[in-house]
Amino acid sequence: MRGLACRLKATAKQKIHQFQIFKIGTNHAEIVGQITSQYAFTHNCLLHMARSTLLVPTGRGGALHLMYRSSILQASNASGRIGLLAGVALLALTPLAGCEGMIGDEPGNGGSAADGSDADPFTLVCDPETETPPPRRTWLLTAEQMDHTVDHLYNGLDGPRLNFVNNENRTYYGNRADRLTLNSEQVGLLLDQSEEAAQFVSQNLSSYVDCNVRERSCFDEFVDRFATRAWRKPPTQDQIERLRAVYDVGAEISVGEGYTLTALAVLRAPQFIHRTELGAADGDYYRLTPWEVASQLSYLILDGPPDDELMELARTGAILEQATFEQQTQRLMQSSEAQSIASRFMMQLTGARSIIGKAKAPELNADFSPQTRADMMEELRLFSEAMFFRDGATWSDLVLSRETFMNARIAEFYGQSGVQGGDFQRVQIEDPLRSGFLTMPVVMSVHSSSDHVVPTTRGRFVLAQLLCSPLGNPPANASDSPLANPEFTPRERLEAMEGFDQCYACHGRADPIGFAFDHFDAVGRTVTEVYGEPIDDSGEIRETGALDGSFGSLQELIERIANTPEVRACISRKFYEFSQGRPAIRSEACQVEAAQETFEASGGDLSSLLQSGLQGDFLHVRGPGE
C-alpha cells in the first residue's frame with residue numbers, strides 16, 4: 001500500500017491540488033494549514049469532512065466524538081501514517097471545499113449534580129412538563145462491537161482484525177458514549193489495520209459479488225453491498241459518486257488496487273466505526289431513521305450489527321412499526337448472543353474489565369497472572385448471564401446466591417475443593433464469607449490498591465454504583481495530608497479525620513462501608529486479619545436515606561443491599577443509563593421513574609430489568625440538542 005501511495009501521488013495530486021484548509025475556529029484553538037506534499041490533514045478539517053459525510057449540524061447538540069480529534073494530527077505528524085491514501089479515501093467522501101466553522105465540544109466528564117447526571121435517583125423528579133427526549137449524538141463502537149461488526153462484514157471469512165481499540169490500550173468505560181474516544185496510538189493502529197482489511201476485501205471480492213469486477217455495474221453492486229454492511233445503511237448517491245472517484249484513482253494501477261482503495265475509504269469513514277442517532281426532523285424533535293433504530297436495537301441486545309432480517313426491515317421501514325419492533329426485540333432476546341447484555345451490564349456496574357490493566361505489587365503477581373484475571377472475569381460473565389436469564393431470578397438472588405462458576409485455577413484461588421480441569425462448571429460456594437457478585441475476586445481486586453485493602457475505594461463503589469449516592473472528588477492535596485500517615489490503620493485514620501471536615505465529608509461515608517469487605521485482600525482472596533489486626537467487619541451507612549444505620553457484619557450489609565427498595569431503584573437507573581450509554585439527566589426523569597416502578601413491582605425480577613431497557617420513546621426519538 002505504501003508503494004501504491006508513491007505511484008499514485010502524481011495522479012492524485014492533479015485531483016486534489018485545489019483542496020485547501022482555511023482558517024478554522026474551534027472552542028479551544030484556531031488552526032491554519034493546508035495539505036502538505038505528503039497530504040497530511042489537520043484534525044479540524046478531518047472533523048469537518050466527517051461532519052459533512054454524516055450530515056451532522058454544527059454546535060453542541062451535534063457534537064461528534066470522533067476519531068478525528070486532536071490526536072489524529074499528532075499521529076499524522078509523528079508517523080506520517082495519514083498520507084496520500086488516507087487523504088484520498090477521506091477526501092473522496094467529502095466536498096472539495098474549505099473547512100470552516102466550529103466542530104462540537106470535547107467529551108464531557110460524565111456530568112455533575114448540576115444537570116442531574118451524578119445525583120441520586122430521588123433528585124430526578126418526574127415532571128411531564130419538562131420531559132424531553134435525549135439529545136442526538138454519534139457513538140464510537142466499543143472494542144467488542146467492532147470485533148462483531150468485522151465478523152459480519154467479512155461474510156464468515158477469517159480476515160484481519162480491527163482491534164485498534166482494546167482493553168490493553170485504553171481505560172475501560174464500558175459503553176459510555178461520552179468517554180469512548182481514540183488516542184493517537186489507536187488512530188495509528190486503525191490506519192495500519194484498515195489497509196490490511198481493505199486488501200483482504202479486494203482479494204475476496206467473490207464473497208461480495210458474483211459478476212465481472214471490471215465492469216462499472218459490478219463495482220456499483222460491490223459498493224452498495226459492502227458499504228451498506230459496513231455502515232449499517234446504504235450509501236447515498238453522492239457518496240457512491242465519491243467512491244467511484246476513489247476507485248478510478250486506484251484503477252490507474254490495477255482493478256484490484258481500485259477495489260482496495262475503495263474498501264479503505266469505506267473502512268476509514270466515520271460511519272463505520274460510529275453509530276449515529278441523528279434522525280430526521282419531526283416537529284420539534286428528531287425521529288431516528290429505520291437504519292438507526294435497527295442498529296440501536298441490535299447493538300444493545302447483541303453487541304453487534306443488525307442481521308439480514310433487521311436490515312431488510314430497515315430498508316422497508318417496517319422496523320418503525322411498534323408491533324414489528326417488539327417482535328424483533330423478542331426474536332433477538334431469544335438468541336444465545338443476547339445473554340451478553342447481562343454480563344456487559346454487570347462488567348460496567350462493577351468496573352470488572354479494568355482488572356486487565358490493574359497493577360498489583362510484585363509479591364502478588366504469582367496469584368494475579370493474566371490467566372487468573374481472565375478466569376475472574378469469566379466467572380462474573382457466566383454467573384451474570386445464568387442469573388439474568390434464569391426464570392424468576394431476582395436482584396436479591398444476584399447478591400445472595402451461594403452458587404457460582406469455577407474451573408480448577410479459580411477454585412484453587414478461592415480455596416474451593418473438588419473442581420477439576422480448565423472448563424468452568426457450576427458449583428456451590430464453600431467459603432461462608434462469599435455470596436453473589438459483590439464478594440467475587442474480580443470485584444474485590446478491582447476496588448483495591450496494588451498491595452493492600454482500601455476501605456475507601458470499596459465503600460465508594462457501593463455508594464456510587466449500588467446506592468446512587470456518589471462522593472465528590474478528593475481535595476487536590478489529599479496525599480499531603482498528615483492524616484495520610486502510613487502507620488495509621490484505616491480505622492485509626494478515620495477516627496483522626498473527624499476533626500477535618502474536608503476529609504471526613506467523604507471518608508466518613510465511604511470507609512464505614514468499605515470496612516465490611518476487609519475479609520478480602522488486594523487480589524480478592526479471603527484473609528483473617530488486616531494490618532496485623534483481627535478483622536472487624538462492622539460499619540455504618542450514612543447520608544443515603546432509608547438505608548442509613550449501622551450493621552454488624554459483612555453478611556448483614558449484603559442482606560441490606562439485597563433487600564432494600566432504594567438499592568433496586570438505583571440498579572434500575574444504572575441499567576437505564578447502561579442502555580442509553582450515558583448518565584441520566586433530569587429531562588428524562590419520567591423514563592427513569594417508570595423503569596424503577598416496573599422493576600420494583602416485579603419484585604426485582606431480572607428479566608423485568610432487561611425489558612425496561614428495551615421500551616420507551618428514547619429508542620426512537622431524539623431532542624434538538626443544545
# chains A, B, ... in the order shown; residues from 1 in each chain; ligands from 1
$ residues_around --residues "Glu326 of chain A" --least-positions-apart "4" --cutoff "12 Å" --atoms "only C-alpha atoms" --output "list in words"
Ala294, Leu297, Ala318, Ile319, Leu320, Glu321, Gln322, Gln330, Arg331, Leu332, Met333, Gln611, Leu614, Gln615, Gly616 and Leu619 of chain A
$ write_last_selection --atoms "N, CA and C atoms" --output "PDB file, in the first residue's frame"
ATOM      1  N   ALA A 294     -32.675   0.069  13.833  1.00  0.00           N
ATOM      2  CA  ALA A 294     -32.201  -1.312  13.706  1.00  0.00           C
ATOM      3  C   ALA A 294     -30.833  -1.480  14.362  1.00  0.00           C
ATOM      4  N   LEU A 297     -31.105  -1.225  18.296  1.00  0.00           N
ATOM      5  CA  LEU A 297     -31.673  -2.432  18.882  1.00  0.00           C
ATOM      6  C   LEU A 297     -30.660  -3.567  18.874  1.00  0.00           C
ATOM      7  N   ALA A 318     -40.318  -1.045   7.959  1.00  0.00           N
ATOM      8  CA  ALA A 318     -41.234  -1.769   8.842  1.00  0.00           C
ATOM      9  C   ALA A 318     -40.751  -1.813  10.286  1.00  0.00           C
ATOM     10  N   ILE A 319     -39.433  -1.647  10.508  1.00  0.00           N
ATOM     11  CA  ILE A 319     -38.909  -1.713  11.876  1.00  0.00           C
ATOM     12  C   ILE A 319     -39.468  -0.582  12.732  1.00  0.00           C
ATOM     13  N   LEU A 320     -39.974   0.474  12.114  1.00  0.00           N
ATOM     14  CA  LEU A 320     -40.537   1.591  12.874  1.00  0.00           C
ATOM     15  C   LEU A 320     -41.936   1.287  13.394  1.00  0.00           C
ATOM     16  N   GLU A 321     -42.571   0.243  12.864  1.00  0.00           N
ATOM     17  CA  GLU A 321     -43.892  -0.134  13.360  1.00  0.00           C
ATOM     18  C   GLU A 321     -43.746  -0.791  14.725  1.00  0.00           C
ATOM     19  N   GLN A 322     -44.560  -0.379  15.684  1.00  0.00           N
ATOM     20  CA  GLN A 322     -44.412  -0.845  17.058  1.00  0.00           C
ATOM     21  C   GLN A 322     -44.484  -2.362  17.167  1.00  0.00           C
ATOM     22  N   GLN A 330     -38.091  -9.401  20.776  1.00  0.00           N
ATOM     23  CA  GLN A 330     -38.212 -10.739  21.353  1.00  0.00           C
ATOM     24  C   GLN A 330     -37.383 -11.757  20.580  1.00  0.00           C
ATOM     25  N   ARG A 331     -37.323 -11.600  19.265  1.00  0.00           N
ATOM     26  CA  ARG A 331     -36.501 -12.531  18.464  1.00  0.00           C
ATOM     27  C   ARG A 331     -35.034 -12.447  18.864  1.00  0.00           C
ATOM     28  N   LEU A 332     -34.535 -11.239  18.984  1.00  0.00           N
ATOM     29  CA  LEU A 332     -33.133 -11.071  19.336  1.00  0.00           C
ATOM     30  C   LEU A 332     -32.856 -11.535  20.762  1.00  0.00           C
ATOM     31  N   MET A 333     -33.794 -11.286  21.674  1.00  0.00           N
ATOM     32  CA  MET A 333     -33.593 -11.676  23.065  1.00  0.00           C
ATOM     33  C   MET A 333     -33.552 -13.193  23.238  1.00  0.00           C
ATOM     34  N   GLN A 611     -36.031  -5.967  30.211  1.00  0.00           N
ATOM     35  CA  GLN A 611     -37.082  -5.435  29.356  1.00  0.00           C
ATOM     36  C   GLN A 611     -37.209  -3.925  29.490  1.00  0.00           C
ATOM     37  N   LEU A 614     -35.540  -1.834  26.924  1.00  0.00           N
ATOM     38  CA  LEU A 614     -35.956  -2.029  25.538  1.00  0.00           C
ATOM     39  C   LEU A 614     -37.294  -1.377  25.250  1.00  0.00           C
ATOM     40  N   GLN A 615     -37.707  -0.499  26.117  1.00  0.00           N
ATOM     41  CA  GLN A 615     -39.007   0.145  25.970  1.00  0.00           C
ATOM     42  C   GLN A 615     -38.855   1.649  26.122  1.00  0.00           C
ATOM     43  N   GLY A 616     -39.828   2.364  25.600  1.00  0.00           N
ATOM     44  CA  GLY A 616     -39.835   3.813  25.776  1.00  0.00           C
ATOM     45  C   GLY A 616     -39.461   4.566  24.516  1.00  0.00           C
ATOM     46  N   LEU A 619     -35.861   5.066  22.530  1.00  0.00           N
ATOM     47  CA  LEU A 619     -35.325   4.199  21.493  1.00  0.00           C
ATOM     48  C   LEU A 619     -35.637   4.726  20.086  1.00  0.00           C
TER      49      LEU A 619
END
$ residues_around --residues "Trp231 of chain A" --least-positions-apart "3" --cutoff "6 Å" --atoms "only C-alpha atoms" --output "number ranges by chain"
A: 227-228, 271-272
$ write_last_selection --atoms "N, CA and C atoms" --output "short mmCIF file (atom, residue, chain, number, x, y, z; two decimals), in the first residue's frame"
data_model
loop_
_atom_site.label_atom_id
_atom_site.label_comp_id
_atom_site.auth_asym_id
_atom_site.auth_seq_id
_atom_site.Cartn_x
_atom_site.Cartn_y
_atom_site.Cartn_z
N ALA A 227 -20.55 -1.21 1.43
CA ALA A 227 -20.75 0.00 2.24
C ALA A 227 -21.99 -0.13 3.11
N THR A 228 -23.05 -0.72 2.58
CA THR A 228 -24.27 -0.90 3.38
C THR A 228 -23.99 -1.78 4.59
N GLN A 271 -18.74 6.64 9.51
CA GLN A 271 -19.93 5.81 9.65
C GLN A 271 -19.59 4.37 10.02
N PHE A 272 -18.37 3.94 9.71
CA PHE A 272 -18.01 2.55 10.01
C PHE A 272 -17.72 2.35 11.48
#
$ residues_around --residues "Arg560 of chain A" --least-positions-apart "4" --cutoff "8 Å" --atoms "only C-alpha atoms" --output "PDB file with all heavy atoms, in the first residue's frame"
ATOM      1  N   LEU A 547     -31.496   3.607  53.838  1.00  0.00           N
ATOM      2  CA  LEU A 547     -30.542   2.555  54.177  1.00  0.00           C
ATOM      3  C   LEU A 547     -29.682   2.904  55.383  1.00  0.00           C
ATOM      4  O   LEU A 547     -28.930   2.059  55.867  1.00  0.00           O
ATOM      5  CB  LEU A 547     -29.615   2.269  52.988  1.00  0.00           C
ATOM      6  CG  LEU A 547     -30.153   1.341  51.911  1.00  0.00           C
ATOM      7  CD1 LEU A 547     -31.090   2.078  50.989  1.00  0.00           C
ATOM      8  CD2 LEU A 547     -29.008   0.745  51.105  1.00  0.00           C
ATOM      9  N   GLU A 556     -24.559  -8.918  57.061  1.00  0.00           N
ATOM     10  CA  GLU A 556     -25.679  -8.021  57.332  1.00  0.00           C
ATOM     11  C   GLU A 556     -25.752  -6.904  56.293  1.00  0.00           C
ATOM     12  O   GLU A 556     -26.847  -6.520  55.850  1.00  0.00           O
ATOM     13  CB  GLU A 556     -25.544  -7.433  58.739  1.00  0.00           C
ATOM     14  CG  GLU A 556     -26.763  -6.638  59.193  1.00  0.00           C
ATOM     15  CD  GLU A 556     -26.634  -6.148  60.623  1.00  0.00           C
ATOM     16  OE1 GLU A 556     -25.885  -6.759  61.418  1.00  0.00           O
ATOM     17  OE2 GLU A 556     -27.299  -5.125  60.940  1.00  0.00           O
ATOM     18  N   THR A 564     -33.295  -4.062  49.886  1.00  0.00           N
ATOM     19  CA  THR A 564     -33.782  -2.700  50.105  1.00  0.00           C
ATOM     20  C   THR A 564     -34.310  -2.095  48.804  1.00  0.00           C
ATOM     21  O   THR A 564     -33.622  -2.116  47.780  1.00  0.00           O
ATOM     22  CB  THR A 564     -32.654  -1.813  50.662  1.00  0.00           C
ATOM     23  OG1 THR A 564     -32.132  -2.408  51.848  1.00  0.00           O
ATOM     24  CG2 THR A 564     -33.171  -0.418  50.982  1.00  0.00           C
TER      25      THR A 564
END
$ residues_around --residues "Arg161 of chain A" --least-positions-apart "2" --cutoff "12 Å" --atoms "only C-alpha atoms" --output "PyMOL selection string"
chain A and resi 143-144+146-154+157-159+163-166+189-190+192-198+200
$ closest_residue --among "A:Leu261, A:Leu466, A:Leu140, A:Val592" --to "Val567 of chain A" --atoms "only C-alpha atoms"
A:Leu466
$ residues_around --residues "Met376 of chain A" --least-positions-apart "4" --cutoff "10 Å" --atoms "only C-alpha atoms" --output "PyMOL selection string"
chain A and resi 352-353+355+368+370-372+380-381+405-406+409-410+413+440-443+445+524
$ residues_around --residues "Gly317 of chain A" --least-positions-apart "6" --cutoff "12 Å" --atoms "only C-alpha atoms" --output "list of chain:residue names"
A:Leu288, A:Thr289, A:Pro290, A:Trp291, A:Glu292, A:Val293, A:Ala294, A:Leu310, A:Met311, A:Thr324, A:Phe325
$ write_last_selection --atoms "N, CA, C and O atoms" --output "tab-separated table (two decimals), in the first residue's frame"
chain	number	residue	atom	x	y	z
A	288	LEU	N	-35.55	8.86	14.87
A	288	LEU	CA	-34.47	8.07	14.31
A	288	LEU	C	-34.91	7.37	13.03
A	288	LEU	O	-36.06	6.96	12.90
A	289	THR	N	-33.97	7.24	12.09
A	289	THR	CA	-34.26	6.58	10.84
A	289	THR	C	-34.42	5.08	11.07
A	289	THR	O	-33.97	4.55	12.11
A	290	PRO	N	-35.03	4.36	10.14
A	290	PRO	CA	-35.13	2.90	10.30
A	290	PRO	C	-33.77	2.23	10.49
A	290	PRO	O	-33.64	1.29	11.27
A	291	TRP	N	-32.76	2.73	9.80
A	291	TRP	CA	-31.42	2.16	9.93
A	291	TRP	C	-30.85	2.38	11.33
A	291	TRP	O	-30.21	1.49	11.90
A	292	GLU	N	-31.08	3.55	11.88
A	292	GLU	CA	-30.59	3.86	13.22
A	292	GLU	C	-31.32	3.04	14.28
A	292	GLU	O	-30.71	2.58	15.25
A	293	VAL	N	-32.61	2.86	14.11
A	293	VAL	CA	-33.37	2.05	15.07
A	293	VAL	C	-32.89	0.60	15.03
A	293	VAL	O	-32.69	-0.03	16.07
A	294	ALA	N	-32.68	0.07	13.83
A	294	ALA	CA	-32.20	-1.31	13.71
A	294	ALA	C	-30.83	-1.48	14.36
A	294	ALA	O	-30.58	-2.46	15.07
A	310	LEU	N	-33.07	-7.81	10.14
A	310	LEU	CA	-33.24	-6.44	10.63
A	310	LEU	C	-32.94	-5.42	9.53
A	310	LEU	O	-33.63	-4.40	9.41
A	311	MET	N	-31.92	-5.68	8.73
A	311	MET	CA	-31.57	-4.75	7.66
A	311	MET	C	-32.69	-4.65	6.63
A	311	MET	O	-32.98	-3.56	6.11
A	324	THR	N	-43.83	-4.63	14.90
A	324	THR	CA	-42.63	-5.24	14.31
A	324	THR	C	-41.43	-5.05	15.22
A	324	THR	O	-40.62	-5.98	15.41
A	325	PHE	N	-41.30	-3.86	15.77
A	325	PHE	CA	-40.19	-3.59	16.68
A	325	PHE	C	-40.22	-4.54	17.88
A	325	PHE	O	-39.19	-5.11	18.26
$ closest_residue --among "A:Phe500, A:Ala505, A:Glu593, A:Ser184" --to "Asn473 of chain A" --atoms "only C-alpha atoms"
A:Ala505
$ atom_distance --atom1 "atom CA of Pro455 of chain A" --atom2 "atom CA of Gly499 of chain A"
19.5 Å
$ residues_around --residues "Ala393 of chain A" --least-positions-apart "6" --cutoff "9 Å" --atoms "only C-alpha atoms" --output "list of chain:residue names"
A:Met387, A:Gly604, A:Asp605, A:Leu606, A:Ser607
$ write_last_selection --atoms "all heavy atoms" --output "PDB file, in the first residue's frame"
ATOM      1  N   MET A 387     -27.802 -15.930  35.822  1.00  0.00           N
ATOM      2  CA  MET A 387     -28.792 -15.362  36.733  1.00  0.00           C
ATOM      3  C   MET A 387     -29.839 -14.541  35.983  1.00  0.00           C
ATOM      4  O   MET A 387     -31.047 -14.687  36.220  1.00  0.00           O
ATOM      5  CB  MET A 387     -28.108 -14.494  37.788  1.00  0.00           C
ATOM      6  CG  MET A 387     -27.206 -15.255  38.745  1.00  0.00           C
ATOM      7  SD  MET A 387     -28.070 -16.533  39.682  1.00  0.00           S
ATOM      8  CE  MET A 387     -29.206 -15.550  40.631  1.00  0.00           C
ATOM      9  N   GLY A 604     -38.167  -7.069  41.794  1.00  0.00           N
ATOM     10  CA  GLY A 604     -36.746  -7.086  41.443  1.00  0.00           C
ATOM     11  C   GLY A 604     -36.392  -8.176  40.457  1.00  0.00           C
ATOM     12  O   GLY A 604     -35.239  -8.603  40.382  1.00  0.00           O
ATOM     13  N   ASP A 605     -37.369  -8.620  39.667  1.00  0.00           N
ATOM     14  CA  ASP A 605     -37.134  -9.676  38.682  1.00  0.00           C
ATOM     15  C   ASP A 605     -36.139  -9.193  37.622  1.00  0.00           C
ATOM     16  O   ASP A 605     -36.315  -8.133  37.022  1.00  0.00           O
ATOM     17  CB  ASP A 605     -38.449 -10.071  38.016  1.00  0.00           C
ATOM     18  CG  ASP A 605     -38.290 -11.252  37.086  1.00  0.00           C
ATOM     19  OD1 ASP A 605     -37.971 -11.017  35.898  1.00  0.00           O
ATOM     20  OD2 ASP A 605     -38.473 -12.395  37.536  1.00  0.00           O
ATOM     21  N   LEU A 606     -35.090  -9.980  37.387  1.00  0.00           N
ATOM     22  CA  LEU A 606     -34.022  -9.545  36.490  1.00  0.00           C
ATOM     23  C   LEU A 606     -34.472  -9.477  35.035  1.00  0.00           C
ATOM     24  O   LEU A 606     -33.984  -8.649  34.274  1.00  0.00           O
ATOM     25  CB  LEU A 606     -32.814 -10.469  36.635  1.00  0.00           C
ATOM     26  CG  LEU A 606     -32.124 -10.437  38.007  1.00  0.00           C
ATOM     27  CD1 LEU A 606     -30.993 -11.460  38.068  1.00  0.00           C
ATOM     28  CD2 LEU A 606     -31.599  -9.039  38.330  1.00  0.00           C
ATOM     29  N   SER A 607     -35.390 -10.342  34.634  1.00  0.00           N
ATOM     30  CA  SER A 607     -35.888 -10.261  33.261  1.00  0.00           C
ATOM     31  C   SER A 607     -36.668  -8.975  33.048  1.00  0.00           C
ATOM     32  O   SER A 607     -36.650  -8.385  31.960  1.00  0.00           O
ATOM     33  CB  SER A 607     -36.765 -11.481  32.938  1.00  0.00           C
ATOM     34  OG  SER A 607     -37.915 -11.507  33.757  1.00  0.00           O
TER      35      SER A 607
END
$ atom_distance --atom1 "atom CA of Thr544 of chain A" --atom2 "atom CA of Ala464 of chain A"
10.7 Å
$ select_by_dssp --residues "segment 400-592 of chain A" --states "helix (DSSP H, G or I)" --output "count of residues only"
90
$ atom_distance --atom1 "atom CA of Tyr531 of chain A" --atom2 "atom CA of Thr489 of chain A"
6.6 Å
$ closest_residue --among "A:Gly418, A:Gly539, A:Gly613, A:Pro270" --to "Gln596 of chain A" --atoms "only C-alpha atoms"
A:Gly613
$ select_by_dssp --residues "segment 424-589 of chain A" --states "strand (DSSP E)" --output "mmCIF file with C-alpha atoms, in the first residue's frame"
data_model
loop_
_atom_site.group_PDB
_atom_site.id
_atom_site.type_symbol
_atom_site.label_atom_id
_atom_site.label_comp_id
_atom_site.auth_asym_id
_atom_site.auth_seq_id
_atom_site.Cartn_x
_atom_site.Cartn_y
_atom_site.Cartn_z
ATOM 1 C CA GLN A 425 -18.613 -25.617 35.973
ATOM 2 C CA ARG A 426 -21.450 -24.634 38.262
ATOM 3 C CA VAL A 427 -20.513 -25.100 41.940
ATOM 4 C CA GLN A 428 -21.820 -24.365 45.410
ATOM 5 C CA GLU A 529 -6.580 -10.199 59.527
ATOM 6 C CA VAL A 530 -5.850 -6.792 58.070
ATOM 7 C CA GLU A 533 -5.297 -6.859 63.415
ATOM 8 C CA PRO A 534 -8.268 -9.248 63.575
ATOM 9 C CA GLY A 539 -19.742 -0.458 59.912
ATOM 10 C CA GLU A 540 -22.400 2.069 59.048
ATOM 11 C CA ILE A 541 -24.277 3.532 56.097
ATOM 12 C CA GLY A 549 -27.808 2.764 60.040
ATOM 13 C CA SER A 550 -25.119 0.541 61.479
ATOM 14 C CA PHE A 551 -24.504 -3.089 60.536
#
$ closest_residue --among "A:Asp518, A:Glu221, A:Glu185, A:Glu131" --to "Thr457 of chain A" --atoms "only C-alpha atoms"
A:Asp518
